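Structure data (PDB, C-alpha atoms and all ligand atoms) from work-v2.pdb:
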```
ATOM      1  CA  MET A   1     -79.614  32.927 117.976  1.00  0.00           C
ATOM      2  CA  SER A   2     -78.095  34.990 120.696  1.00  0.00           C
ATOM      3  CA  SER A   3     -79.541  38.434 121.135  1.00  0.00           C
ATOM      4  CA  THR A   4     -76.470  39.836 122.787  1.00  0.00           C
ATOM      5  CA  PRO A   5     -75.777  43.210 121.205  1.00  0.00           C
ATOM      6  CA  LEU A   6     -72.565  43.523 119.289  1.00  0.00           C
ATOM      7  CA  SER A   7     -69.780  45.653 120.601  1.00  0.00           C
ATOM      8  CA  ALA A   8     -66.408  46.835 119.405  1.00  0.00           C
ATOM      9  CA  GLY A   9     -63.925  43.981 119.335  1.00  0.00           C
ATOM     10  CA  ASP A  10     -66.534  41.424 118.347  1.00  0.00           C
ATOM     11  CA  TYR A  11     -66.288  39.429 115.203  1.00  0.00           C
ATOM     12  CA  ILE A  12     -68.691  39.943 112.415  1.00  0.00           C
ATOM     13  CA  GLU A  13     -69.024  38.624 108.907  1.00  0.00           C
ATOM     14  CA  ALA A  14     -68.927  41.374 106.369  1.00  0.00           C
ATOM     15  CA  LYS A  15     -68.075  41.961 102.812  1.00  0.00           C
ATOM     16  CA  CYS A  16     -64.533  43.178 102.572  1.00  0.00           C
ATOM     17  CA  SER A  17     -63.980  45.849  99.947  1.00  0.00           C
ATOM     18  CA  LYS A  18     -60.431  44.605  99.348  1.00  0.00           C
ATOM     19  CA  CYS A  19     -60.962  40.871  99.452  1.00  0.00           C
ATOM     20  CA  ARG A  20     -64.230  41.334  97.626  1.00  0.00           C
ATOM     21  CA  GLU A  21     -65.830  38.573  99.554  1.00  0.00           C
ATOM     22  CA  MET A  22     -67.424  37.792 102.877  1.00  0.00           C
ATOM     23  CA  THR A  23     -64.696  37.561 105.459  1.00  0.00           C
ATOM     24  CA  ASN A  24     -64.491  37.716 109.218  1.00  0.00           C
ATOM     25  CA  HIS A  25     -64.044  41.191 110.521  1.00  0.00           C
ATOM     26  CA  THR A  26     -63.346  42.690 113.902  1.00  0.00           C
ATOM     27  CA  ILE A  27     -65.628  45.546 114.815  1.00  0.00           C
ATOM     28  CA  VAL A  28     -63.576  48.700 115.279  1.00  0.00           C
ATOM     29  CA  ALA A  29     -66.329  51.222 115.936  1.00  0.00           C
ATOM     30  CA  MET A  30     -69.982  51.020 116.795  1.00  0.00           C
ATOM     31  CA  VAL A  31     -72.768  53.561 116.634  1.00  0.00           C
ATOM     32  CA  GLU A  32     -75.463  52.411 118.974  1.00  0.00           C
ATOM     33  CA  ASP A  33     -76.011  48.761 118.050  1.00  0.00           C
ATOM     34  CA  VAL A  34     -74.680  49.044 114.552  1.00  0.00           C
ATOM     35  CA  PRO A  35     -71.085  48.442 113.580  1.00  0.00           C
ATOM     36  CA  VAL A  36     -69.815  51.315 111.478  1.00  0.00           C
ATOM     37  CA  LYS A  37     -66.162  50.469 111.077  1.00  0.00           C
ATOM     38  CA  VAL A  38     -64.666  47.037 110.801  1.00  0.00           C
ATOM     39  CA  GLN A  39     -61.271  45.523 110.197  1.00  0.00           C
ATOM     40  CA  CYS A  40     -60.911  42.609 107.872  1.00  0.00           C
ATOM     41  CA  ASN A  41     -59.224  39.670 109.557  1.00  0.00           C
ATOM     42  CA  THR A  42     -57.889  38.489 106.238  1.00  0.00           C
ATOM     43  CA  CYS A  43     -56.252  41.594 104.782  1.00  0.00           C
ATOM     44  CA  ASN A  44     -56.293  43.768 107.920  1.00  0.00           C
ATOM     45  CA  SER A  45     -57.794  46.699 106.088  1.00  0.00           C
ATOM     46  CA  GLU A  46     -60.215  48.893 107.911  1.00  0.00           C
ATOM     47  CA  HIS A  47     -63.331  49.984 106.153  1.00  0.00           C
ATOM     48  CA  LYS A  48     -66.885  50.976 106.713  1.00  0.00           C
ATOM     49  CA  TYR A  49     -69.219  48.223 107.642  1.00  0.00           C
ATOM     50  CA  ARG A  50     -71.897  47.640 105.125  1.00  0.00           C
ATOM     51  CA  LYS A  51     -74.834  45.482 105.995  1.00  0.00           C
ATOM     52  CA  PRO A  52     -74.845  42.361 103.886  1.00  0.00           C
ATOM     53  CA  ALA A  53     -77.632  42.404 101.341  1.00  0.00           C
ATOM     54  CA  VAL A  54     -80.626  40.793 102.897  1.00  0.00           C
ATOM     55  CA  LYS A  55     -81.629  37.750 101.013  1.00  0.00           C
ATOM     56  CA  LYS A  56     -85.339  37.765 100.508  1.00  0.00           C
ATOM     57  CA  ALA A  57     -86.405  34.361 101.702  1.00  0.00           C
ATOM     58  CA  PRO A  58     -89.055  32.959  99.386  1.00  0.00           C
ATOM     59  CA  SER A  59     -88.570  35.124  96.357  1.00  0.00           C
ATOM     60  CA  ALA A  60     -91.412  35.483  93.921  1.00  0.00           C
ATOM     61  CA  ARG A  61     -88.878  34.927  91.152  1.00  0.00           C
ATOM     62  CA  LYS A  62     -88.075  31.424  92.314  1.00  0.00           C
ATOM     63  CA  PRO A  63     -89.434  29.168  89.615  1.00  0.00           C
ATOM     64  CA  ALA A  64     -89.131  25.994  91.688  1.00  0.00           C
ATOM     65  CA  THR A  65     -91.893  26.843  94.084  1.00  0.00           C
ATOM     66  CA  ARG A  66     -94.511  28.111  91.726  1.00  0.00           C
ATOM     67  CA  ARG A  67     -97.395  29.108  93.837  1.00  0.00           C
ATOM     68  CA  PRO A  68    -100.361  30.345  91.892  1.00  0.00           C
ATOM     69  CA  ARG A  69    -100.664  34.021  92.593  1.00  0.00           C
ATOM     70  CA  VAL A  70    -104.030  35.067  93.799  1.00  0.00           C
ATOM     71  CA  ASP A  71    -105.539  37.344  91.235  1.00  0.00           C
ATOM     72  CA  PRO A  72    -107.511  39.975  93.134  1.00  0.00           C
ATOM     73  CA  LYS A  73    -109.833  40.341  90.200  1.00  0.00           C
ATOM     74  CA  ALA A  74    -110.620  36.642  90.223  1.00  0.00           C
ATOM     75  CA  VAL A  75    -111.338  36.875  93.928  1.00  0.00           C
ATOM     76  CA  GLU A  76    -113.708  39.751  93.300  1.00  0.00           C
ATOM     77  CA  GLN A  77    -115.440  37.928  90.498  1.00  0.00           C
ATOM     78  CA  GLN A  78    -115.841  34.942  92.789  1.00  0.00           C
ATOM     79  CA  GLN A  79    -117.232  37.236  95.460  1.00  0.00           C
ATOM     80  CA  TRP A  80    -119.691  38.543  92.924  1.00  0.00           C
ATOM     81  CA  GLN A  81    -120.763  35.042  91.976  1.00  0.00           C
ATOM     82  CA  GLU A  82    -121.547  34.353  95.601  1.00  0.00           C
ATOM     83  CA  LEU A  83    -123.436  37.593  96.162  1.00  0.00           C
ATOM     84  CA  GLN A  84    -125.351  37.743  92.935  1.00  0.00           C
ATOM     85  CA  PRO A  85    -128.216  35.367  93.799  1.00  0.00           C
ATOM     86  CA  SER A  86    -129.200  37.603  96.701  1.00  0.00           C
ATOM     87  CA  PHE A  87    -129.459  40.689  94.525  1.00  0.00           C
ATOM     88  CA  ASP A  88    -132.813  42.172  93.737  1.00  0.00           C
ATOM     89  CA  GLU A  89    -132.175  43.780  90.385  1.00  0.00           C
ATOM     90  CA  LYS A  90    -135.320  45.853  90.611  1.00  0.00           C
ATOM     91  CA  ALA A  91    -133.997  47.523  93.746  1.00  0.00           C
ATOM     92  CA  ALA A  92    -130.854  48.685  91.982  1.00  0.00           C
ATOM     93  CA  ILE A  93    -130.337  52.435  91.865  1.00  0.00           C
ATOM     94  CA  ALA A  94    -129.181  53.881  88.555  1.00  0.00           C
ATOM     95  CA  TYR A  95    -125.604  55.006  89.027  1.00  0.00           C
ATOM     96  CA  SER A  96    -124.923  58.717  89.167  1.00  0.00           C
ATOM     97  CA  MET A  97    -121.858  60.624  90.332  1.00  0.00           C
ATOM     98  CA  GLU A  98    -124.158  62.951  92.250  1.00  0.00           C
ATOM     99  CA  THR A  99    -125.812  60.326  94.374  1.00  0.00           C
ATOM    100  CA  SER A 100    -124.471  59.078  97.668  1.00  0.00           C
ATOM    101  CA  TYR A 101    -124.792  55.394  98.319  1.00  0.00           C
ATOM    102  CA  LYS A 102    -125.119  53.320 101.390  1.00  0.00           C
ATOM    103  CA  LEU A 103    -122.933  50.305 101.974  1.00  0.00           C
ATOM    104  CA  ARG A 104    -124.345  47.187 100.328  1.00  0.00           C
ATOM    105  CA  ALA A 105    -126.560  49.340  98.121  1.00  0.00           C
ATOM    106  CA  LEU A 106    -127.218  47.845  94.744  1.00  0.00           C
ATOM    107  CA  ILE A 107    -126.507  50.082  91.802  1.00  0.00           C
ATOM    108  CA  ASN A 108    -126.950  49.805  88.091  1.00  0.00           C
ATOM    109  CA  HIS A 109    -124.038  51.177  86.123  1.00  0.00           C
ATOM    110  CA  PRO A 110    -124.432  51.945  82.404  1.00  0.00           C
ATOM    111  CA  THR A 111    -121.110  50.261  81.577  1.00  0.00           C
ATOM    112  CA  PHE A 112    -120.428  47.731  84.310  1.00  0.00           C
ATOM    113  CA  GLY A 113    -124.020  46.677  84.978  1.00  0.00           C
ATOM    114  CA  LEU A 114    -125.231  45.623  88.361  1.00  0.00           C
ATOM    115  CA  GLY A 115    -122.932  46.336  91.269  1.00  0.00           C
ATOM    116  CA  GLN A 116    -122.909  46.325  95.014  1.00  0.00           C
ATOM    117  CA  VAL A 117    -121.349  49.096  97.071  1.00  0.00           C
ATOM    118  CA  GLN A 118    -118.564  47.527  99.101  1.00  0.00           C
ATOM    119  CA  GLU A 119    -116.941  50.348 100.969  1.00  0.00           C
ATOM    120  CA  SER A 120    -116.014  53.976 100.948  1.00  0.00           C
ATOM    121  CA  ALA A 121    -112.892  54.502  98.865  1.00  0.00           C
ATOM    122  CA  GLY A 122    -112.136  58.027 100.003  1.00  0.00           C
ATOM    123  CA  THR A 123    -113.809  61.377  99.617  1.00  0.00           C
ATOM    124  CA  ARG A 124    -116.763  61.042  97.302  1.00  0.00           C
ATOM    125  CA  LYS A 125    -115.566  57.665  96.134  1.00  0.00           C
ATOM    126  CA  ILE A 126    -116.990  54.224  96.597  1.00  0.00           C
ATOM    127  CA  LYS A 127    -115.725  50.787  95.818  1.00  0.00           C
ATOM    128  CA  VAL A 128    -118.315  48.836  93.929  1.00  0.00           C
ATOM    129  CA  LEU A 129    -118.234  45.164  93.153  1.00  0.00           C
ATOM    130  CA  PHE A 130    -119.306  44.299  89.638  1.00  0.00           C
ATOM    131  CA  ALA A 131    -119.453  41.030  87.774  1.00  0.00           C
ATOM    132  CA  ASP A 132    -116.146  42.076  86.222  1.00  0.00           C
ATOM    133  CA  GLY A 133    -114.484  42.854  89.568  1.00  0.00           C
ATOM    134  CA  ALA A 134    -114.421  45.828  91.887  1.00  0.00           C
ATOM    135  CA  LYS A 135    -114.232  49.392  90.592  1.00  0.00           C
ATOM    136  CA  VAL A 136    -113.842  52.696  92.338  1.00  0.00           C
ATOM    137  CA  LEU A 137    -116.524  55.158  91.328  1.00  0.00           C
ATOM    138  CA  ARG A 138    -117.311  58.755  92.087  1.00  0.00           C
ATOM    139  CA  CYS A 139    -120.330  59.395  94.222  1.00  0.00           C
ATOM    140  CA  GLY A 140    -122.154  62.312  95.774  1.00  0.00           C
TER
HETATM  141 ZN    ZN A 201     -60.128  41.874 103.456  1.00  0.00          ZN
END
```
What is this structure when it is put down as C-alpha cells?
Ligand SMILES: [Zn+2]
Amino acid sequence: MSSTPLSAGDYIEAKCSKCREMTNHTIVAMVEDVPVKVQCNTCNSEHKYRKPAVKKAPSARKPATRRPRVDPKAVEQQQWQELQPSFDEKAAIAYSMETSYKLRALINHPTFGLGQVQESAGTRKIKVLFADGAKVLRCG
C-alpha cells in the first residue's frame, strides 16, 4: 500500500449518505491527513466524510474458526499443579489480613486452602495462587 498522504482532489471510497452505499468520492476538504468533506462521484452530493467502519479481522464471533479460548482459571490451576509438589505445607503461614507476605510465600487460607503469593495486586493486596485459581486477598 502506498503511504502517500491524501489530499484534496484525491479519490476515496466512502459511504455516500444519498446513495447509501460505498461509492467513489472526491475529497473536497482535508483537516490534516483526514478528509472531512467529500463529494460523491455518483450523485455529486457533498457530505461529511465518515470513516468506513473498521472490520475487525478475526472476530471472536466467527464460528468457522473456533479456537479454544484460553481460560485464565484453567491456566492458573495448571500453574498450581506444577507448583504444588514443591510446596512445604508445614511452612505455610496462616492467612490474615493483617500480615504482610513476601513473594512466593506459602499461605494457608481458611477457605481456599494452601496458596502461594504471586505478586502484589495493589495497596495492601496480594495475588495468591490457590488450587482453585488465583485470588486477590487483603494483606497487611
Ligand atoms: Zn452518492
Counting all atoms listed in the file, which residues in chain A sit no more than 8 Å from ligand ZN 201 (chain A)? For each one, give the nearest pair of atoms and the distance in Å, sorted by chain then residue number, as JSON lines.
```
{"residue": "A:Lys15", "atom": "CA", "partner": "A:ZN201", "partner_atom": "ZN", "distance": 8.0}
{"residue": "A:Cys16", "atom": "CA", "partner": "A:ZN201", "partner_atom": "ZN", "distance": 4.7}
{"residue": "A:Ser17", "atom": "CA", "partner": "A:ZN201", "partner_atom": "ZN", "distance": 6.6}
{"residue": "A:Lys18", "atom": "CA", "partner": "A:ZN201", "partner_atom": "ZN", "distance": 4.9}
{"residue": "A:Cys19", "atom": "CA", "partner": "A:ZN201", "partner_atom": "ZN", "distance": 4.2}
{"residue": "A:Arg20", "atom": "CA", "partner": "A:ZN201", "partner_atom": "ZN", "distance": 7.1}
{"residue": "A:Glu21", "atom": "CA", "partner": "A:ZN201", "partner_atom": "ZN", "distance": 7.7}
{"residue": "A:Thr23", "atom": "CA", "partner": "A:ZN201", "partner_atom": "ZN", "distance": 6.6}
{"residue": "A:Gln39", "atom": "CA", "partner": "A:ZN201", "partner_atom": "ZN", "distance": 7.8}
{"residue": "A:Cys40", "atom": "CA", "partner": "A:ZN201", "partner_atom": "ZN", "distance": 4.5}
{"residue": "A:Asn41", "atom": "CA", "partner": "A:ZN201", "partner_atom": "ZN", "distance": 6.5}
{"residue": "A:Thr42", "atom": "CA", "partner": "A:ZN201", "partner_atom": "ZN", "distance": 4.9}
{"residue": "A:Cys43", "atom": "CA", "partner": "A:ZN201", "partner_atom": "ZN", "distance": 4.1}
{"residue": "A:Asn44", "atom": "CA", "partner": "A:ZN201", "partner_atom": "ZN", "distance": 6.2}
{"residue": "A:Ser45", "atom": "CA", "partner": "A:ZN201", "partner_atom": "ZN", "distance": 6.0}
```
Open item on the list: At a cut-off of 8 Å, using only C-alpha atoms, what residues contact segment 24-28 of chain A? Leave out same-chain residues fewer than 5 positions from it and give the result as a ChimeraX atom specification.
Closed with: /A:7-14,35-42
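As for atom CA of Ala121 of chain A and atom CA of Gly140 of chain A, they are spaced 12.5 Å apart.
Distance-wise, atom CA of Arg104 of chain A and atom CA of Gln116 of chain A end up 5.6 Å apart.
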Centre and edges of the segment 22-38 of chain A box, axis-aligned, 8 Å extra per side, as AutoDock Vina command-line options:
```
--center_x -69.7 --center_y 45.6 --center_z 110.9 --size_x 28.7 --size_y 32.0 --size_z 32.1
```
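Atom pair atom CA of Leu129 of chain A / atom CA of Leu114 of chain A: separated by 8.5 Å.
Nearest residue to Ile126 of chain A, choosing from A:Thr4, A:Lys90, A:Thr111, A:Ala105 and counting all atoms listed in the file: A:Ala105.
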- [ ] Might you spell out which residues the PyMOL selection byres (((chain A and resi 74) around 12) and not hetatm) would select in the displayed file, as a PyMOL selection string?
- [x] chain A and resi 69-73+75-81+129-134
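Using all atoms listed in the file, the residues found no farther than 10 Å from Glu98 of chain A, other than those of its own chain fewer than 3 positions away, are Tyr95, Tyr101, Arg124, Arg138, Cys139 and Gly140 of chain A.
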Open item on the list: Would you pick out the contacts of Gln118 of chain A at 6 Å or less, using only C-alpha atoms, so that residues sharing its chain but fewer than 4 positions from it are not included, and give the list as a PyMOL selection string?
Closed with: chain A and resi 103-104+127-128
TODO: Can you work out which one of A:Leu83, A:Leu137, A:Val31, A:Val117 has the shortest atom-to-atom distance to Met97 of chain A, counting only C-alpha atoms?
DONE: A:Leu137
Task: Nearest candidate to Ala29 of chain A (options A:Asp88, A:Tyr49, A:His109, A:Gly115; using all atoms listed in the file) - done: A:Tyr49
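For the residues A:Pro5, A:Ser120, A:Val136, A:Val34, ranking by smallest atom-to-atom distance to Ser100 of chain A using all atoms listed in the file places A:Ser120 first.
Candidate residues A:Glu119, A:Glu46, A:Leu6, A:Ile107 were compared for distance to Ala94 of chain A, and the nearest is A:Ile107, using all atoms listed in the file.
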Subset file: segment 16-53 of chain A, N, CA and C atoms, as a compact mmCIF listing (two decimals), in the first residue's frame:
```txt
# COMPACT_ATOMS: atom_id res chain seq x y z
N CYS A 16 -21.70 6.91 0.87
CA CYS A 16 -22.45 8.09 0.50
C CYS A 16 -23.79 8.07 1.22
N SER A 17 -24.12 9.22 1.84
CA SER A 17 -25.37 9.28 2.60
C SER A 17 -26.58 9.27 1.69
N LYS A 18 -26.40 9.68 0.43
CA LYS A 18 -27.53 9.65 -0.52
C LYS A 18 -27.66 8.30 -1.19
N CYS A 19 -26.53 7.84 -1.73
CA CYS A 19 -26.56 6.55 -2.44
C CYS A 19 -26.72 5.39 -1.45
N ARG A 20 -26.39 5.66 -0.23
CA ARG A 20 -26.44 4.64 0.81
C ARG A 20 -25.59 3.42 0.49
N GLU A 21 -24.48 3.69 -0.13
CA GLU A 21 -23.54 2.61 -0.35
C GLU A 21 -22.14 3.17 -0.53
N MET A 22 -21.18 2.28 -0.59
CA MET A 22 -19.80 2.72 -0.79
C MET A 22 -19.65 3.16 -2.24
N THR A 23 -19.27 4.41 -2.40
CA THR A 23 -19.04 4.90 -3.76
C THR A 23 -17.71 5.65 -3.78
N ASN A 24 -17.24 5.95 -4.96
CA ASN A 24 -16.03 6.75 -5.07
C ASN A 24 -16.38 8.21 -4.83
N HIS A 25 -15.53 8.83 -4.05
CA HIS A 25 -15.74 10.23 -3.72
C HIS A 25 -14.49 11.01 -4.06
N THR A 26 -14.66 12.28 -4.30
CA THR A 26 -13.53 13.18 -4.45
C THR A 26 -13.42 13.97 -3.15
N ILE A 27 -12.21 14.04 -2.62
CA ILE A 27 -12.03 14.77 -1.37
C ILE A 27 -12.14 16.26 -1.65
N VAL A 28 -13.03 16.93 -0.92
CA VAL A 28 -13.23 18.36 -1.09
C VAL A 28 -12.40 19.13 -0.08
N ALA A 29 -12.41 18.66 1.16
CA ALA A 29 -11.65 19.36 2.20
C ALA A 29 -10.96 18.36 3.11
N MET A 30 -9.78 18.77 3.54
CA MET A 30 -8.99 17.92 4.43
C MET A 30 -8.69 18.69 5.70
N VAL A 31 -8.63 18.00 6.81
CA VAL A 31 -8.07 18.57 8.03
C VAL A 31 -6.92 17.67 8.41
N GLU A 32 -5.73 18.25 8.37
CA GLU A 32 -4.52 17.47 8.49
C GLU A 32 -4.54 16.32 7.49
N ASP A 33 -4.44 15.09 7.94
CA ASP A 33 -4.41 13.98 6.98
C ASP A 33 -5.76 13.32 6.81
N VAL A 34 -6.77 13.94 7.37
CA VAL A 34 -8.07 13.28 7.37
C VAL A 34 -9.05 14.04 6.49
N PRO A 35 -9.65 13.35 5.54
CA PRO A 35 -10.67 14.02 4.73
C PRO A 35 -11.88 14.34 5.60
N VAL A 36 -12.39 15.55 5.46
CA VAL A 36 -13.56 15.91 6.26
C VAL A 36 -14.79 16.10 5.39
N LYS A 37 -14.54 16.51 4.14
CA LYS A 37 -15.68 16.73 3.25
C LYS A 37 -15.37 16.05 1.92
N VAL A 38 -16.34 15.33 1.44
CA VAL A 38 -16.13 14.62 0.18
C VAL A 38 -17.33 14.83 -0.74
N GLN A 39 -17.08 14.60 -2.02
CA GLN A 39 -18.17 14.71 -2.98
C GLN A 39 -18.33 13.36 -3.66
N CYS A 40 -19.54 12.89 -3.64
CA CYS A 40 -19.83 11.60 -4.23
C CYS A 40 -19.72 11.70 -5.75
N ASN A 41 -18.99 10.79 -6.34
CA ASN A 41 -18.83 10.81 -7.80
C ASN A 41 -20.03 10.22 -8.52
N THR A 42 -20.93 9.64 -7.75
CA THR A 42 -22.11 9.05 -8.37
C THR A 42 -23.27 10.03 -8.40
N CYS A 43 -23.55 10.66 -7.23
CA CYS A 43 -24.69 11.57 -7.18
C CYS A 43 -24.27 13.02 -7.05
N ASN A 44 -22.96 13.26 -6.97
CA ASN A 44 -22.40 14.61 -6.88
C ASN A 44 -22.76 15.37 -5.61
N SER A 45 -23.29 14.69 -4.63
CA SER A 45 -23.62 15.41 -3.40
C SER A 45 -22.39 15.48 -2.51
N GLU A 46 -22.29 16.63 -1.87
CA GLU A 46 -21.19 16.82 -0.94
C GLU A 46 -21.67 16.47 0.46
N HIS A 47 -20.84 15.79 1.17
CA HIS A 47 -21.20 15.49 2.56
C HIS A 47 -19.94 15.24 3.36
N LYS A 48 -20.16 15.15 4.65
CA LYS A 48 -19.03 14.90 5.54
C LYS A 48 -18.48 13.51 5.26
N TYR A 49 -17.18 13.42 5.41
CA TYR A 49 -16.58 12.10 5.24
C TYR A 49 -16.64 11.36 6.55
N ARG A 50 -17.19 10.19 6.47
CA ARG A 50 -17.18 9.34 7.66
C ARG A 50 -16.31 8.14 7.38
N LYS A 51 -15.45 7.87 8.33
CA LYS A 51 -14.56 6.71 8.18
C LYS A 51 -15.40 5.45 8.06
N PRO A 52 -15.07 4.62 7.08
CA PRO A 52 -15.81 3.36 7.00
C PRO A 52 -15.58 2.54 8.26
N ALA A 53 -16.61 1.86 8.69
CA ALA A 53 -16.48 1.02 9.88
C ALA A 53 -15.35 0.03 9.69
```
